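protein.txt (compact mmCIF, C-alpha atoms) appears below.
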```txt
# COMPACT_ATOMS: atom_id res chain seq x y z
CA MET A 577 86.41 84.10 130.86
CA LYS A 578 88.40 87.04 129.54
CA ILE A 579 91.65 85.23 130.30
CA ILE A 580 90.54 82.18 128.27
CA ILE A 581 89.64 84.38 125.29
CA LEU A 582 93.00 86.15 125.60
CA LEU A 583 94.87 82.83 125.71
CA VAL A 584 92.98 81.55 122.66
CA ALA A 585 93.80 84.75 120.79
CA ILE A 586 97.48 84.42 121.68
CA LEU A 587 97.52 80.79 120.51
CA ILE A 588 95.91 81.76 117.20
CA MET A 589 98.49 84.53 116.70
CA LEU A 590 101.35 82.14 117.47
CA ALA A 591 99.98 79.59 115.02
CA GLY A 592 99.83 82.28 112.31
CA ILE A 593 103.40 83.39 113.04
CA ILE A 594 104.67 79.80 112.91
CA LYS A 595 102.88 79.16 109.60
CA LYS A 596 104.27 82.37 108.07
CA THR A 597 107.78 81.51 109.23
CA ALA A 598 107.52 78.01 107.78
CA ASP A 599 106.35 79.41 104.43
CA ASP A 600 109.23 81.91 104.41
CA VAL A 601 111.80 79.20 105.17
CA GLN A 602 110.39 77.01 102.41
CA GLU A 603 110.54 79.89 99.91
CA ILE A 604 114.16 80.65 100.85
CA ALA A 605 115.07 76.98 100.41
CA ILE A 606 113.51 76.95 96.93
CA ARG A 607 115.36 80.15 95.93
CA THR A 608 118.66 78.74 97.19
CA GLU A 609 118.11 75.52 95.25
CA LEU A 610 117.29 77.37 92.03
CA LYS A 611 120.48 79.47 92.24
CA GLN A 612 122.50 76.31 91.56
CA TYR A 613 121.08 75.98 88.04
CA PRO A 614 122.05 78.21 85.13
CA ASN A 615 119.50 80.34 83.36
CA LEU A 616 117.56 77.78 81.34
CA LEU A 617 115.39 80.27 79.50
CA PRO A 618 115.81 80.20 75.72
CA THR A 619 117.52 83.15 74.09
CA ILE A 620 115.42 84.67 71.34
CA GLU A 621 117.03 86.83 68.69
CA VAL A 622 114.63 88.99 66.73
CA VAL A 623 115.75 89.49 63.13
CA ALA A 624 113.72 91.77 60.88
CA LYS A 625 114.29 92.92 57.33
CA ARG A 626 115.28 96.54 56.92
CA LEU A 627 112.72 98.71 55.20
CA PRO A 628 113.98 100.50 52.09
CA ARG A 629 114.61 104.21 52.56
CA SER A 630 112.17 106.40 50.71
```
Step by step, read the file and then write its structure as structure tokens.
Amino acid sequence: MKIIILLVAILIMLAGIIKKTADDVQEIAIRTELKQYPNLLPTIEVVAKRLPRS
């Protein structure tokens, strides 16, 4: 009985490792794809009037 519980625990751990690895690979693929595009964020220039010196 202990061996069966141990085998089930090992299978659960392997499933978790495989899922984590798949998520990591997918995240790396997304990052690599996004590096091909330029920075598409708008540039904002803040212009304020100067206050008169007192």
To one decimal in Å, tell me the separation between CA of Ala585 in chain A and CA of Asp599 in chain A. 21.3 Å
Have a look at CA of Leu583 in chain A and CA of Gln602 in chain A and let me know their distance in Å, one decimal.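 Separation between CA of Leu583 in chain A and CA of Gln602 in chain A: 28.6 Å.
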Please compute the CA of Ile604 in chain A-CA of Pro618 in chain A distance, one decimal, in Å.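 About the pair CA of Ile604 in chain A and CA of Pro618 in chain A: they are 25.2 Å apart.
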Set up a box along x, y and z of the file covering all listed atoms of range 591-604 of chain A, add 6 Å on every one of the six sides, and write the centre and edge lengths in Å to one decimal, as AutoDock Vina command-line options.
```
--center_x 107.0 --center_y 80.2 --center_z 107.5 --size_x 26.3 --size_y 18.4 --size_z 27.1
```
